[in-house]
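So the structure is just underneath, and the comments pick up after that.
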Amino acid sequence: MLIAGFPAGAWGTNCYLAAPAAGEECVIIDPGHEAAQGVEDALRKHRLKPVAVVLTHGHIDHVASVVPVCGAHDVPAWIHPEDRYMMGDPEKALGRSIGAQLMGELTVGEPEDVRELADGAALPLAGLEFSVAHAPGHTKGSVTFGLPEAADVPPILFSGDLLFAGSVGRTDLPGGDTEELLASLARVCLPLEDSTVVLSGHGPQTTIGQERATNPYLRQVAAGGRESGTSGAPRRGM
């Protein structure tokens with residue numbers, strides 16, 4: 001399996017390309033702000049042909065390049081229905097104080113072909129099968145994408161802004177909810193194997209085992225909410 005990733009744009013949002021191997025079809029995950037050129041560079045480097053874009057959620061730092069990327073390669077974009085409106089209305093998604101600053105800088109809108117994700121769906125794309133888990137909390141339509149263990153490659157979780165190395169996504173923007181986020185951590189992340197590689201929306205990769213041992217939020221939900229001290233712990237994401 002081939003996973004290529006790079007941080008893009010002003011927010012350093014991780015964009016990933018996933019394929020069975022170099023020279024094959026691929027899926028693009030979260031082409032955010034100023035990600036289009038990085039996508040093209042990675043496609044050329046690894047001789048990949050994209051068949052779809054999949055989005056962990058609708059914040060502009062994860063979807064800003066979806067229109068040019070999908071348009072350049074005539075591929076669909078997949079997003080959860082509760083976040084679909086964000087592609088065309090980032091101001092509503094982020095709140096006026098943040099969204100108004102961006103509206104004059106970014107071209108927003110939907111690509112021609114938008115398809116909607118469902119919780120528990122199996123998404124066969126580019127010779128891979130992504131498992132979709134609805135994981136609200138950062139946004140109402142946040143999802144994660146899982147890939148099973150293959151050959152010598154451990155399981156992979158594209159966690160979006162649900163789980164980071166040492167932290168979790170912020171919940172103070174429209175649609176955010178701390179209790180929902182903690183419930184998503186418990187439902188989506190805790191059952192995963194410790195060896196699962198977590199590829200987050202921002203920052204370095206980690207593993208479920210590492211986060212189970214050290215992440216204060218995951219420790220809290222693993223303890224059934226009994227651990228304290230997370231209320232002031234930093235959160236990440238737009």
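Identifiers in the structure tokens: chain A, B, ... in order shown; residue index from 1 per chain; ligand index from 1 in order shown.
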DSSP-assigned strand (DSSP E or B) members of range 98-176 of chain A, reported as a PyMOL selection string: chain A and resi 114-116+122-125+128-134+143-147+150+153+156-160+163-164+167-169
Backbone-only DSSP, helix (DSSP H, G or I) members of range 3-217 of chain A, as a ChimeraX atom specification: /A:36-46,60-63,66-73,81-87,90-94,96-103,178-189,208-214,216-217
Surrounding residues of Ser200 in chain A excluding itself and chain neighbours under 5 positions, 7 Å, only C-alpha atoms, as a ChimeraX atom specification: /A:158-161,163-164,205
Non-local contacts of Ala186 in chain A (8 Å; only C-alpha atoms; under 3 positions in same chain excluded) as a list in words: Leu182, Ala183, Cys189, Leu190, Pro191, Leu218, Val221 and Ala222 of chain A
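Distances here use only C-alpha atoms; by that measure, the residue among A:Ala77, A:Ala151, A:Ala64, A:Ala165 closest to Gly9 in chain A is A:Ala64.
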Between CA of Ala19 in chain A and CA of Leu128 in chain A - distance in Å to one decimal: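 Between these atoms lies a distance of 7.2 Å.
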Near-Glu34 in chain A list (10 Å; only C-alpha atoms; drop same-chain fewer than 2 positions) as a ChimeraX atom specification: /A:7-13,31-32,36-39,61,63-65,106
For Glu24 in chain A: contacts at 9 Å, only C-alpha atoms, fewer than 3 positions along chain excluded, given as a PyMOL selection string: chain A and resi 19-21+46-50+126-127
Minimum-distance residue to Val188 in chain A, chosen among A:Asp119, A:Asp152, A:Glu91, A:Glu110 (using only C-alpha atoms): A:Asp119
Range 131-142 of chain A surroundings by only C-alpha atoms, 7 Å radius, close-in-sequence under 6 positions cut, as a list in words: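 Skipping anything fewer than 6 positions along the chain leaves Thr56, His57, His80, Pro81, Glu82, Asp83, Ala118, Asp119, Gly120, Ala121, Ala122, Leu123, Asp161, Leu162, Gly169, Arg170, Thr171, Gly175, Gly176, Asp177, Thr178, Glu180, Leu181, Ser184 and Val188 of chain A.
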Coordinates-based distance that separates CA of Arg44 in chain A from CA of Asp113 in chain A (Å, one decimal):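 So the two atoms, CA of Asp113 in chain A and CA of Arg44 in chain A, lie 23.8 Å apart.
Counting from CA of Tyr85 in chain A, the distance to CA of Gly203 in chain A is 26.2 Å.
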